[in-house]
$ cat target_17.txt   # compact mmCIF, C-alpha atoms and all ligand atoms
# COMPACT_ATOMS: atom_id res chain seq x y z
CA MET A 1 22.53 6.92 -121.43
CA THR A 2 19.27 7.17 -123.34
CA GLU A 3 16.31 4.95 -122.78
CA PHE A 4 16.70 3.73 -126.34
CA THR A 5 20.28 2.58 -125.73
CA ARG A 6 19.18 0.70 -122.64
CA ILE A 7 16.39 -1.10 -124.43
CA GLN A 8 18.73 -1.83 -127.31
CA ALA A 9 21.35 -3.28 -124.96
CA LEU A 10 18.85 -5.43 -123.15
CA SER A 11 17.42 -6.83 -126.33
CA LYS A 12 20.87 -7.51 -127.81
CA VAL A 13 21.90 -9.36 -124.66
CA SER A 14 18.65 -11.34 -124.67
CA ILE A 15 19.23 -12.40 -128.22
CA ALA A 16 22.85 -13.31 -127.49
CA LEU A 17 21.78 -15.37 -124.51
CA SER A 18 19.10 -17.27 -126.35
CA THR A 19 20.82 -18.08 -129.61
CA THR A 20 23.26 -20.70 -128.47
CA LEU A 21 23.21 -23.12 -125.63
CA ARG A 22 26.90 -23.54 -125.01
CA LEU A 23 27.61 -21.65 -121.85
CA ASP A 24 30.97 -20.13 -122.68
CA GLU A 25 29.70 -18.83 -126.02
CA VAL A 26 26.57 -17.49 -124.38
CA LEU A 27 28.49 -15.66 -121.72
CA TYR A 28 31.00 -14.22 -124.11
CA LYS A 29 28.31 -12.88 -126.44
CA ALA A 30 26.37 -11.40 -123.55
CA ILE A 31 29.39 -9.63 -122.20
CA VAL A 32 30.39 -8.22 -125.59
CA GLU A 33 26.91 -6.89 -126.36
CA CYS A 34 26.58 -5.42 -122.92
CA ILE A 35 29.91 -3.57 -123.03
CA GLU A 36 29.70 -2.34 -126.58
CA THR A 37 26.16 -1.08 -126.50
CA LEU A 38 26.41 0.53 -123.11
CA ASN A 39 29.84 2.06 -123.51
CA PHE A 40 31.57 0.35 -120.66
CA ASP A 41 35.26 -0.37 -120.92
CA ALA A 42 35.66 -3.73 -119.29
CA ALA A 43 33.72 -6.56 -117.71
CA VAL A 44 34.28 -9.82 -115.91
CA ILE A 45 31.82 -12.66 -115.31
CA TYR A 46 32.44 -14.86 -112.28
CA LEU A 47 30.54 -18.09 -111.71
CA LEU A 48 30.52 -20.50 -108.77
CA ASP A 49 32.72 -23.50 -109.48
CA GLU A 50 31.37 -27.06 -109.47
CA ASN A 51 32.12 -27.59 -105.79
CA LYS A 52 30.34 -24.33 -105.02
CA GLU A 53 33.39 -23.05 -103.18
CA TYR A 54 34.85 -20.27 -105.28
CA PHE A 55 33.67 -17.73 -107.78
CA ILE A 56 35.88 -18.22 -110.80
CA ALA A 57 36.22 -15.76 -113.68
CA GLN A 58 34.68 -17.21 -116.84
CA HIS A 59 35.19 -14.32 -119.21
CA PHE A 60 37.17 -11.12 -119.32
CA TYR A 61 36.54 -8.27 -121.65
CA GLY A 62 38.73 -5.20 -121.87
CA ILE A 63 40.96 -6.25 -118.98
CA PRO A 64 44.70 -5.89 -119.73
CA THR A 65 46.40 -9.28 -120.08
CA GLU A 66 48.77 -8.45 -117.25
CA THR A 67 45.85 -7.87 -114.92
CA VAL A 68 43.81 -10.94 -115.88
CA LYS A 69 45.94 -13.31 -113.81
CA HIS A 70 45.17 -11.32 -110.65
CA MET A 71 41.45 -11.56 -111.23
CA LYS A 72 40.84 -15.27 -111.83
CA LYS A 73 39.34 -15.96 -108.44
CA LEU A 74 37.03 -13.53 -106.75
CA PRO A 75 38.45 -12.66 -103.30
CA THR A 76 35.81 -12.76 -100.59
CA ASP A 77 36.82 -9.35 -99.29
CA SER A 78 36.60 -7.66 -102.69
CA ILE A 79 33.63 -5.66 -103.93
CA GLY A 80 32.50 -8.60 -106.07
CA GLY A 81 33.01 -10.85 -103.05
CA VAL A 82 30.60 -8.73 -101.05
CA VAL A 83 28.09 -8.91 -103.90
CA ALA A 84 28.47 -12.70 -104.06
CA ALA A 85 27.85 -13.01 -100.34
CA SER A 86 24.98 -10.55 -100.05
CA GLY A 87 23.31 -11.04 -103.42
CA LYS A 88 23.04 -7.25 -103.65
CA THR A 89 24.47 -4.88 -106.23
CA VAL A 90 27.37 -2.66 -105.21
CA VAL A 91 28.23 0.50 -107.13
CA THR A 92 31.58 2.24 -106.65
CA GLU A 93 31.94 5.44 -108.56
CA ASP A 94 35.48 6.07 -107.35
CA LEU A 95 37.75 3.02 -107.27
CA GLY A 96 40.72 5.19 -106.22
CA GLN A 97 40.39 4.17 -102.59
CA TYR A 98 41.04 0.52 -103.54
CA TYR A 99 44.15 0.98 -105.68
CA HIS A 100 46.43 0.56 -102.70
CA GLN A 101 44.97 -2.83 -101.81
CA ARG A 102 44.36 -3.97 -105.39
CA PRO A 103 46.75 -2.31 -107.79
CA GLN A 104 45.23 -4.36 -110.62
CA LEU A 105 42.24 -2.00 -110.53
CA GLU A 106 44.34 1.01 -111.46
CA GLY A 107 43.28 2.24 -114.83
CA PHE A 108 39.62 1.86 -113.94
CA LYS A 109 37.64 4.59 -112.22
CA SER A 110 34.14 3.21 -111.64
CA LEU A 111 32.73 -0.23 -111.05
CA MET A 112 29.30 -1.73 -110.89
CA SER A 113 29.08 -5.23 -109.51
CA VAL A 114 25.77 -7.11 -109.81
CA PRO A 115 24.77 -10.60 -108.72
CA ILE A 116 24.03 -13.35 -111.26
CA GLN A 117 21.14 -15.26 -109.81
CA VAL A 118 19.02 -18.31 -110.44
CA LYS A 119 15.87 -18.73 -108.36
CA LYS A 120 17.13 -16.08 -105.92
CA LYS A 121 20.41 -17.93 -105.37
CA THR A 122 23.59 -16.12 -106.29
CA ILE A 123 25.61 -18.26 -108.68
CA GLY A 124 27.90 -15.55 -109.98
CA VAL A 125 28.88 -11.90 -110.23
CA LEU A 126 29.03 -9.55 -113.20
CA ASP A 127 31.49 -6.67 -112.86
CA VAL A 128 31.45 -3.78 -115.31
CA PHE A 129 34.22 -1.14 -115.31
CA THR A 130 34.69 2.27 -116.82
CA LYS A 131 37.94 4.11 -117.38
CA GLU A 132 36.32 7.51 -116.77
CA TYR A 133 34.38 8.43 -113.67
CA ARG A 134 30.81 7.42 -114.27
CA VAL A 135 27.71 8.18 -112.30
CA PHE A 136 25.44 5.17 -112.67
CA GLU A 137 21.80 6.14 -112.90
CA PRO A 138 19.21 3.89 -111.24
CA GLU A 139 18.05 2.81 -114.71
CA ASP A 140 21.60 1.73 -115.56
CA ILE A 141 21.78 -0.26 -112.39
CA SER A 142 18.50 -2.06 -112.97
CA LEU A 143 19.51 -2.71 -116.56
CA ILE A 144 22.78 -4.43 -115.57
CA GLU A 145 20.96 -6.26 -112.80
CA SER A 146 18.48 -7.63 -115.29
CA ILE A 147 21.35 -8.70 -117.52
CA GLY A 148 22.79 -10.50 -114.49
CA LEU A 149 19.49 -12.34 -114.07
CA GLN A 150 19.40 -13.28 -117.74
CA ILE A 151 22.92 -14.66 -117.57
CA GLY A 152 21.77 -16.74 -114.60
CA VAL A 153 18.87 -18.23 -116.56
CA ALA A 154 21.09 -18.83 -119.59
CA SER A 155 23.71 -20.63 -117.54
CA GLU A 156 21.01 -22.79 -116.00
CA ASN A 157 19.65 -23.60 -119.47
CA ALA A 158 23.10 -24.43 -120.72
CA LYS A 159 23.58 -26.80 -117.78
CA THR A 160 20.29 -28.58 -118.46
CA PHE A 161 21.18 -28.77 -122.13
CA LEU A 162 24.55 -30.30 -121.31
CA GLU A 163 22.96 -32.89 -119.04
CA LEU A 164 20.47 -33.75 -121.75
CA GLU A 165 23.26 -34.08 -124.29
CA GLU A 166 25.18 -36.36 -121.94
CA SER A 167 22.24 -38.64 -121.32
CA ARG A 168 21.50 -38.78 -125.05
CA GLN A 169 25.12 -39.72 -125.67
CA LEU A 170 24.95 -42.38 -122.96
CA ASN A 171 21.86 -43.88 -124.61
CA ALA A 172 23.58 -43.98 -127.97
CA ASP A 173 26.59 -45.63 -126.36
CA LEU A 174 24.37 -48.20 -124.66
CA LEU A 175 22.75 -49.10 -127.95
CA ALA A 176 26.11 -49.50 -129.63
CA MET A 177 27.27 -51.64 -126.73
CA GLN A 178 24.22 -53.92 -126.96
CA VAL A 179 24.94 -54.68 -130.58
CA ASP A 180 28.54 -55.20 -129.70
CA MET A 181 27.53 -57.48 -126.86
CA GLN A 182 25.55 -59.78 -129.17
CA GLU A 183 28.45 -59.89 -131.55
CA ARG A 184 30.85 -60.80 -128.75
CA GLU A 185 28.58 -63.54 -127.52
CA ARG A 186 28.53 -65.08 -131.00
CA GLN A 187 32.26 -64.75 -131.20
CA ARG A 188 32.63 -66.44 -127.84
CA ILE A 189 30.45 -69.39 -128.90
CA ALA A 190 32.27 -69.71 -132.23
CA GLN A 191 35.59 -69.62 -130.41
CA GLU A 192 34.46 -72.22 -127.93
CA ILE A 193 33.22 -74.59 -130.62
CA HIS A 194 36.41 -74.03 -132.56
CA ASP A 195 38.68 -74.60 -129.59
CA SER A 196 37.05 -77.65 -128.11
CA LEU A 197 34.94 -79.47 -130.67
CA ASN A 198 36.62 -78.65 -133.91
CA GLN A 199 40.08 -79.46 -132.59
CA SER A 200 39.09 -82.82 -131.23
CA MET A 201 37.06 -83.76 -134.29
CA VAL A 202 40.09 -83.07 -136.47
CA GLY A 203 42.20 -85.13 -134.07
CA LEU A 204 39.65 -87.91 -134.13
CA TYR A 205 39.64 -87.96 -137.93
CA PHE A 206 43.39 -88.39 -138.23
CA HIS A 207 43.56 -91.00 -135.52
CA LEU A 208 40.77 -93.01 -137.13
CA GLN A 209 42.56 -92.82 -140.45
CA TYR A 210 45.68 -94.12 -138.74
CA CYS A 211 43.72 -97.00 -137.23
CA ARG A 212 42.26 -97.97 -140.60
CA ASP A 213 45.72 -97.95 -142.23
CA GLU A 214 47.42 -99.84 -139.43
CA ILE A 215 44.77 -102.33 -138.36
CA ASP A 216 46.42 -105.27 -140.16
CA ARG A 217 50.00 -104.39 -139.33
CA SER A 218 49.75 -103.62 -135.63
CA PRO A 219 46.35 -104.52 -134.28
CA ASP A 220 47.50 -104.20 -130.64
CA HIS A 221 48.60 -100.65 -131.08
CA VAL A 222 45.42 -99.81 -132.98
CA LEU A 223 43.40 -101.20 -130.11
CA ALA A 224 45.23 -98.94 -127.67
CA VAL A 225 44.63 -95.94 -129.92
CA LEU A 226 40.93 -96.83 -130.22
CA ASP A 227 40.64 -96.94 -126.44
CA LYS A 228 42.15 -93.48 -126.27
CA LEU A 229 39.74 -92.27 -128.95
CA LEU A 230 36.79 -93.65 -127.01
CA SER A 231 37.66 -91.68 -123.92
CA MET A 232 38.35 -88.62 -126.03
CA THR A 233 34.91 -88.92 -127.63
CA LYS A 234 33.35 -89.25 -124.20
CA GLU A 235 34.96 -85.97 -123.17
CA ASN A 236 33.73 -84.39 -126.37
CA ILE A 237 30.20 -85.42 -125.62
CA GLN A 238 30.55 -83.74 -122.24
CA GLU A 239 31.83 -80.58 -123.86
CA ILE A 240 29.05 -80.51 -126.43
CA ARG A 241 26.57 -80.87 -123.60
CA GLN A 242 28.13 -77.95 -121.79
CA ILE A 243 28.06 -75.72 -124.86
CA ILE A 244 24.47 -76.62 -125.62
CA TYR A 245 23.56 -76.08 -122.01
CA ASP A 246 25.16 -72.66 -122.00
CA LEU A 247 23.31 -71.77 -125.17
CA HIS A 248 20.00 -72.86 -123.78
CA PRO A 249 19.63 -74.79 -120.55
CA VAL A 250 17.45 -77.84 -121.08
CA ALA A 251 16.35 -77.78 -117.47
CA LEU A 252 14.64 -74.50 -118.20
CA GLU A 253 12.11 -76.13 -120.49
CA LYS A 254 11.58 -79.13 -118.28
CA TYR A 255 11.62 -77.77 -114.76
CA GLY A 256 11.12 -74.08 -115.31
CA PHE A 257 13.34 -71.29 -114.35
CA LEU A 258 13.48 -72.26 -110.70
CA GLY A 259 14.56 -75.81 -111.55
CA ALA A 260 17.23 -74.47 -113.87
CA VAL A 261 18.55 -72.13 -111.18
CA GLU A 262 18.65 -75.01 -108.70
CA GLU A 263 20.64 -77.03 -111.18
CA LEU A 264 22.99 -74.13 -111.82
CA ILE A 265 23.60 -73.67 -108.14
CA SER A 266 24.17 -77.36 -107.53
CA ARG A 267 26.71 -77.49 -110.36
CA TYR A 268 28.76 -74.82 -108.59
CA SER A 269 28.70 -76.78 -105.36
CA GLN A 270 29.31 -80.21 -106.98
CA GLN A 271 32.39 -78.91 -108.73
CA GLY A 272 33.57 -77.41 -105.44
CA LEU A 273 33.58 -73.91 -106.92
CA MET A 274 31.29 -72.03 -104.59
CA GLU A 275 28.56 -72.52 -102.01
CA ILE A 276 25.37 -70.68 -102.90
CA ASP A 277 22.45 -70.51 -100.51
CA LEU A 278 19.08 -70.59 -102.17
CA TYR A 279 16.17 -69.08 -100.31
CA ILE A 280 12.66 -69.29 -101.69
CA GLN A 281 9.53 -67.75 -100.31
CA GLY A 282 6.01 -67.86 -101.74
CA ASN A 283 4.65 -69.88 -104.62
CA PRO A 284 6.71 -69.90 -107.73
CA SER A 285 4.79 -70.20 -110.99
CA ARG A 286 5.83 -70.80 -114.54
CA TYR A 287 6.41 -67.68 -116.61
CA HIS A 288 6.65 -66.94 -120.29
CA ALA A 289 9.60 -68.61 -121.97
CA LYS A 290 11.26 -65.27 -122.55
CA ALA A 291 10.81 -64.14 -118.95
CA GLU A 292 12.19 -67.45 -117.68
CA ILE A 293 15.27 -67.44 -119.86
CA TYR A 294 15.99 -63.78 -119.12
CA LEU A 295 15.68 -64.25 -115.38
CA TYR A 296 17.87 -67.30 -115.62
CA ARG A 297 20.50 -65.42 -117.64
CA VAL A 298 20.59 -62.59 -115.11
CA ILE A 299 21.10 -65.00 -112.22
CA GLN A 300 23.67 -66.94 -114.22
CA GLU A 301 25.65 -63.78 -115.01
CA ALA A 302 25.41 -62.51 -111.44
CA ILE A 303 26.66 -65.81 -110.01
CA ASN A 304 29.33 -66.07 -112.64
CA ASN A 305 30.49 -62.57 -111.73
CA ILE A 306 30.68 -63.50 -108.08
CA TYR A 307 32.73 -66.55 -108.97
CA LYS A 308 35.04 -64.59 -111.28
CA HIS A 309 35.39 -61.26 -109.49
CA ALA A 310 34.11 -61.20 -105.91
CA HIS A 311 36.93 -63.18 -104.24
CA THR A 312 34.55 -65.17 -102.10
CA LYS A 313 33.27 -68.72 -102.13
CA GLN A 314 29.96 -67.82 -100.59
CA ALA A 315 26.90 -66.27 -102.19
CA SER A 316 23.16 -66.27 -101.81
CA VAL A 317 20.15 -66.14 -104.07
CA SER A 318 16.78 -65.27 -102.56
CA MET A 319 13.51 -65.33 -104.43
CA TYR A 320 10.20 -63.98 -103.26
CA PHE A 321 7.16 -64.95 -105.23
CA GLU A 322 4.20 -62.86 -104.28
CA SER A 323 0.80 -62.77 -105.94
CA THR A 324 1.85 -60.12 -108.39
CA GLU A 325 5.50 -59.46 -107.83
CA VAL A 326 8.63 -61.51 -108.27
CA ARG A 327 11.64 -60.26 -106.36
CA ILE A 328 15.08 -61.79 -106.68
CA LEU A 329 18.20 -60.90 -104.73
CA ILE A 330 21.67 -62.11 -105.56
CA GLU A 331 24.19 -61.16 -102.92
CA ASP A 332 27.80 -61.64 -102.01
CA GLN A 333 30.07 -60.20 -99.40
CA GLY A 334 33.10 -60.13 -101.59
CA ILE A 335 35.35 -57.32 -102.69
CA GLY A 336 32.66 -55.20 -104.38
CA PHE A 337 33.35 -52.61 -107.06
CA ASP A 338 32.65 -49.09 -108.21
CA LEU A 339 29.78 -49.30 -110.68
CA THR A 340 30.05 -45.74 -112.02
CA HIS A 341 33.70 -46.29 -112.73
CA LYS A 342 33.05 -49.55 -114.59
CA LEU A 343 30.30 -47.96 -116.69
CA LYS A 344 32.49 -45.00 -117.54
CA ASN A 345 35.32 -47.26 -118.61
CA ARG A 346 33.01 -49.42 -120.67
CA GLU A 347 33.84 -52.44 -118.53
CA ALA A 348 30.35 -53.60 -117.82
CA TYR A 349 29.05 -55.58 -120.77
CA GLY A 350 27.73 -58.32 -118.53
CA LEU A 351 26.04 -55.93 -116.15
CA LEU A 352 24.52 -53.98 -119.02
CA GLY A 353 23.27 -57.23 -120.53
CA MET A 354 21.44 -57.96 -117.26
CA LYS A 355 19.93 -54.51 -117.27
CA ARG A 356 18.87 -54.77 -120.89
CA ARG A 357 17.09 -58.07 -120.27
CA ILE A 358 15.20 -56.83 -117.23
CA ASP A 359 14.31 -53.56 -119.00
CA ASP A 360 12.95 -55.66 -121.81
CA LEU A 361 10.66 -57.41 -119.33
CA ASN A 362 9.56 -54.01 -117.99
CA GLY A 363 11.12 -54.90 -114.68
CA ARG A 364 13.60 -53.11 -112.53
CA LEU A 365 17.20 -54.09 -111.86
CA THR A 366 19.23 -52.42 -109.17
CA ILE A 367 22.92 -53.01 -108.72
CA THR A 368 24.44 -51.87 -105.47
CA SER A 369 28.07 -52.51 -104.78
CA GLN A 370 30.57 -51.14 -102.37
CA PRO A 371 34.26 -51.87 -102.40
CA ALA A 372 35.17 -54.23 -99.53
CA LYS A 373 31.50 -54.72 -98.61
CA GLY A 374 30.09 -56.76 -101.47
CA THR A 375 27.50 -56.66 -104.19
CA TRP A 376 23.75 -56.72 -104.08
CA ILE A 377 21.62 -57.19 -107.15
CA GLU A 378 17.88 -56.84 -106.99
CA VAL A 379 15.38 -57.74 -109.68
CA LEU A 380 11.75 -56.71 -109.47
CA LEU A 381 9.25 -58.04 -111.96
CA ASP A 382 5.52 -57.92 -112.46
CA GLY A 383 5.07 -61.66 -112.13
CA GLU A 384 1.38 -61.65 -112.99
CA HIS A 385 2.04 -59.97 -116.29
CA HIS A 386 4.58 -62.61 -117.27
CA LEU A 387 2.60 -65.63 -116.07
CA ARG A 388 2.57 -68.53 -118.51
CA LYS A 389 -0.94 -69.16 -119.67
CA ASP A 390 -1.97 -72.66 -120.64
CA ARG A 391 -1.04 -73.55 -124.17
CA ASP A 392 0.66 -70.27 -124.75
CA PRO A 393 1.85 -70.51 -128.36
CA GLN A 394 4.95 -68.51 -127.45
CA ASP A 395 6.03 -71.33 -125.21
CA ASP A 396 5.38 -74.32 -127.42
N1 LIG B 401 29.96 -59.62 -107.65
C1 LIG B 401 31.02 -58.86 -108.01
N2 LIG B 401 32.03 -58.63 -107.13
C2 LIG B 401 33.09 -57.87 -107.47
N3 LIG B 401 33.24 -57.27 -108.67
C3 LIG B 401 32.28 -57.46 -109.58
C4 LIG B 401 31.12 -58.26 -109.31
N4 LIG B 401 30.32 -58.22 -110.41
C5 LIG B 401 30.97 -57.46 -111.31
N5 LIG B 401 32.13 -56.99 -110.83
C6 LIG B 401 33.06 -56.07 -111.50
O1 LIG B 401 32.37 -55.40 -112.52
C7 LIG B 401 32.96 -55.64 -113.78
C8 LIG B 401 31.91 -55.72 -114.84
O2 LIG B 401 31.18 -56.93 -114.76
P1 LIG B 401 30.60 -57.55 -116.09
O3 LIG B 401 29.86 -56.46 -116.80
O4 LIG B 401 29.83 -58.75 -115.79
O5 LIG B 401 31.90 -57.84 -116.95
P2 LIG B 401 32.88 -59.13 -116.94
O6 LIG B 401 32.30 -60.14 -115.99
O7 LIG B 401 32.85 -59.58 -118.35
O8 LIG B 401 34.21 -58.59 -116.51
C9 LIG B 401 33.81 -56.88 -113.59
O9 LIG B 401 34.91 -56.91 -114.45
C10 LIG B 401 34.22 -56.78 -112.14
O10 LIG B 401 35.35 -55.95 -112.02
MG MG B 402 30.38 -60.76 -116.10

$ encode --input "target_17.txt" --output "structure tokens" --more "lines below"
Ligand SMILES: Nc1ncnc2c1ncn2[C@@H]1O[C@H](COP(=O)(O)OP(=O)(O)O)[C@@H](O)[C@H]1O
Ligand SMILES: [Mg+2]
Amino acid sequence: MTEFTRIQALSKVSIALSTTLRLDEVLYKAIVECIETLNFDAAVIYLLDENKEYFIAQHFYGIPTETVKHMKKLPTDSIGGVVAASGKTVVTEDLGQYYHQRPQLEGFKSLMSVPIQVKKKTIGVLDVFTKEYRVFEPEDISLIESIGLQIGVASENAKTFLELEESRQLNADLLAMQVDMQERERQRIAQEIHDSLNQSMVGLYFHLQYCRDEIDRSPDHVLAVLDKLLSMTKENIQEIRQIIYDLHPVALEKYGFLGAVEELISRYSQQGLMEIDLYIQGNPSRYHAKAEIYLYRVIQEAINNIYKHAHTKQASVSMYFESTEVRILIEDQGIGFDLTHKLKNREAYGLLGMKRRIDDLNGRLTITSQPAKGTWIEVLLDGEHHLRKDRDPQDD
């Protein structure tokens, strides 16, 4: 093989490896260039699988279809297996001695097996075969070895690229979900107003009409209906209050976020829904309106989740107000859940809403949950930054 051919091969492989970032394409191009320029007859690339247990064939070139199925996994006691374990190239100019043990090699006479490495770690093996006896010169060997190294770098790049792509996709999904979340919230409010208020107002209207029409004919009955309408209206008022409260808790303005949380917690206990311990340490201050409502929403969602999903009637909220930092923990010892699974299945609108709010405040939200152990939500916030200054126009 001439020096020119070697340089040509190396540069063709380099180009192949750098043009595209999808690993299978990269590997296939590299293998084709390598074989065709250098006049080999066949090649196989093995790479470590995800669990780092086996070397699995990624690409075959020039291997008869019949033989391919015997070469999918690299046996540890094969030549390639030795290369994988030692990280050193093995050259076999006469494969004849192995035919007995591995009949699939028949048809090939010589083999060079080089490690594919990244940062000195062997992540794969490149085997090149010839059908005629071939004496590999040291320059050939170092050429194939350098191709092995390039494949290593390319596969690493492709992996990084893939991870980047995935995280970009996740971000896009999150954004889409946020918009969706706002839309759902509006839908929920509209539905609630429709179901409770609208229905009873319509009912009220018809009943009142009835009363007006019947007042002379059957005053006693009208009186009874009016009594019913009075109690219905009273319930309506209660419902309106609840809807308004859910939209924006009045206590928040009056008593601050801590007061609103206290009220929230006491509502759970008054209605016999759940007992929530509240633990406060340090000196709470008043924060910007946005910080207060966001913190409140996060606690509200976390408690609501415990009530809905955790299968426990016990929870705790702890708040630590330090000179600069606010730290809030919401804990339960309920059934817990698998966060990654929920995120993957797009079943975490509420949790993502919490995260979005705390991100928006430049804080940090950590959700830790373990099936059968419970859930632990931590919020960290730069309290000083969000302190309410006197006569802050934002808060008027
Ligand atoms: N404290 C908790 N205990 C057990 N499971 C929870 C808890 N919080 C959340 N989950 C689980 O995580 C899922 C996602 O929560 P969330 O995003 O708030 O959605 P939603 O409450 O609308 O179902 C819930 O459906 C539930 O399965
Ligand atoms: Mg929820």

$ atom_distance --input "target_17.txt" --atom1 "CA of His248 in chain A" --atom2 "CA of Thr312 in chain A"
27.2 Å

$ residues_near_point --input "target_17.txt" --point "(42.6, -11.8, -113.5)" --cutoff "12 Å" --atoms "only C-alpha atoms" --output "ChimeraX atom specification"
/A:43-46,56-75,102-105

$ residues_near_ligand --input "target_17.txt" --ligand "ligand MG 402 (chain B)" --cutoff "8 Å" --atoms "all atoms listed in the file" --output "CSV table (one decimal) with C-alpha atoms, in the frame of the given file"
chain,number,residue,atom,x,y,z
A,301,GLU,CA,25.6,-63.8,-115.0
A,302,ALA,CA,25.4,-62.5,-111.4
A,304,ASN,CA,29.3,-66.1,-112.6
A,305,ASN,CA,30.5,-62.6,-111.7
A,308,LYS,CA,35.0,-64.6,-111.3
A,348,ALA,CA,30.4,-53.6,-117.8
A,349,TYR,CA,29.0,-55.6,-120.8
A,350,GLY,CA,27.7,-58.3,-118.5
A,351,LEU,CA,26.0,-55.9,-116.2

$ closest_residue --input "target_17.txt" --among "A:Ile280, A:Ile328, A:Ile237, A:Leu38" --to "Glu3 in chain A" --atoms "only C-alpha atoms"
A:Leu38

$ closest_residue --input "target_17.txt" --among "A:Gln8, A:Gln270, A:Gln178, A:Ser196" --to "ligand LIG 401 (chain B)" --atoms "all atoms listed in the file"
A:Gln178

$ residues_around --input "target_17.txt" --residues "Lys120 in chain A" --least-positions-apart "2" --cutoff "12 Å" --atoms "all atoms listed in the file" --output "short mmCIF file (atom, residue, chain, number, x, y, z; two decimals) with C-alpha atoms, keeping the file's coordinate frame"
data_model
loop_
_atom_site.label_atom_id
_atom_site.label_comp_id
_atom_site.auth_asym_id
_atom_site.auth_seq_id
_atom_site.Cartn_x
_atom_site.Cartn_y
_atom_site.Cartn_z
CA ALA A 84 28.47 -12.70 -104.06
CA SER A 86 24.98 -10.55 -100.05
CA GLY A 87 23.31 -11.04 -103.42
CA LYS A 88 23.04 -7.25 -103.65
CA PRO A 115 24.77 -10.60 -108.72
CA ILE A 116 24.03 -13.35 -111.26
CA GLN A 117 21.14 -15.26 -109.81
CA VAL A 118 19.02 -18.31 -110.44
CA THR A 122 23.59 -16.12 -106.29
CA ILE A 123 25.61 -18.26 -108.68
CA GLY A 124 27.90 -15.55 -109.98
CA GLY A 148 22.79 -10.50 -114.49
CA LEU A 149 19.49 -12.34 -114.07
CA GLY A 152 21.77 -16.74 -114.60
CA VAL A 153 18.87 -18.23 -116.56
#

$ axis_aligned_box --input "target_17.txt" --around "range 318-332 of chain A" --padding-each-side "4 Å" --output "lines of an AutoDock Vina configuration file"
center_x = 14.3
center_y = -62.4
center_z = -105.2
size_x = 35.0
size_y = 13.9
size_z = 14.4

$ residues_near_ligand --input "target_17.txt" --ligand "ligand LIG 401 (chain B)" --cutoff "10 Å" --atoms "all atoms listed in the file" --output "number ranges by chain"
A: 301-312, 315, 330-343, 345-354, 367-377

$ closest_residue --input "target_17.txt" --among "A:Arg388, A:His100, A:Lys119, A:Lys131" --to "His288 in chain A" --atoms "all atoms listed in the file"
A:Arg388

$ closest_residue --input "target_17.txt" --among "A:Ser200, A:Thr233, A:Thr92, A:Gln150" --to "Ile31 in chain A" --atoms "all atoms listed in the file"
A:Gln150

$ residues_near_point --input "target_17.txt" --point "(15.8, -63.5, -117.4)" --cutoff "10 Å" --atoms "only C-alpha atoms" --output "short mmCIF file (atom, residue, chain, number, x, y, z; two decimals) with C-alpha atoms, in the frame of the given file"
data_model
loop_
_atom_site.label_atom_id
_atom_site.label_comp_id
_atom_site.auth_asym_id
_atom_site.auth_seq_id
_atom_site.Cartn_x
_atom_site.Cartn_y
_atom_site.Cartn_z
CA PHE A 257 13.34 -71.29 -114.35
CA ALA A 289 9.60 -68.61 -121.97
CA LYS A 290 11.26 -65.27 -122.55
CA ALA A 291 10.81 -64.14 -118.95
CA GLU A 292 12.19 -67.45 -117.68
CA ILE A 293 15.27 -67.44 -119.86
CA TYR A 294 15.99 -63.78 -119.12
CA LEU A 295 15.68 -64.25 -115.38
CA TYR A 296 17.87 -67.30 -115.62
CA ARG A 297 20.50 -65.42 -117.64
CA VAL A 298 20.59 -62.59 -115.11
CA ILE A 299 21.10 -65.00 -112.22
CA GLN A 300 23.67 -66.94 -114.22
CA MET A 354 21.44 -57.96 -117.26
CA LYS A 355 19.93 -54.51 -117.27
CA ARG A 356 18.87 -54.77 -120.89
CA ARG A 357 17.09 -58.07 -120.27
CA ILE A 358 15.20 -56.83 -117.23
CA ASP A 360 12.95 -55.66 -121.81
CA LEU A 361 10.66 -57.41 -119.33
CA VAL A 379 15.38 -57.74 -109.68
#

$ closest_residue --input "target_17.txt" --among "A:Gln281, A:Thr89, A:Ser323, A:Gln209" --to "Glu145 in chain A" --atoms "all atoms listed in the file"
A:Thr89

$ closest_residue --input "target_17.txt" --among "A:Tyr98, A:Glu25, A:Thr2, A:Ser316" --to "Glu137 in chain A" --atoms "only C-alpha atoms"
A:Thr2

$ residues_around --input "target_17.txt" --residues "Gln242 in chain A" --least-positions-apart "6" --cutoff "12 Å" --atoms "all atoms listed in the file" --output "list in words"
Ile189, Glu192, Ile193, Ser196, Leu197, Glu235, Asn236, His248, Pro249, Val250, Leu264 and Arg267 of chain A

$ write_last_selection --input "target_17.txt" --atoms "C-alpha atoms" --output "JSON list (two decimals), in the frame of the given file"
[["chain", "number", "residue", "atom", "x", "y", "z"],
["A", 189, "ILE", "CA", 30.45, -69.39, -128.90],
["A", 192, "GLU", "CA", 34.46, -72.22, -127.93],
["A", 193, "ILE", "CA", 33.22, -74.59, -130.62],
["A", 196, "SER", "CA", 37.05, -77.65, -128.11],
["A", 197, "LEU", "CA", 34.94, -79.47, -130.67],
["A", 235, "GLU", "CA", 34.96, -85.97, -123.17],
["A", 236, "ASN", "CA", 33.73, -84.39, -126.37],
["A", 248, "HIS", "CA", 20.00, -72.86, -123.78],
["A", 249, "PRO", "CA", 19.63, -74.79, -120.55],
["A", 250, "VAL", "CA", 17.45, -77.84, -121.08],
["A", 264, "LEU", "CA", 22.99, -74.13, -111.82],
["A", 267, "ARG", "CA", 26.71, -77.49, -110.36]]
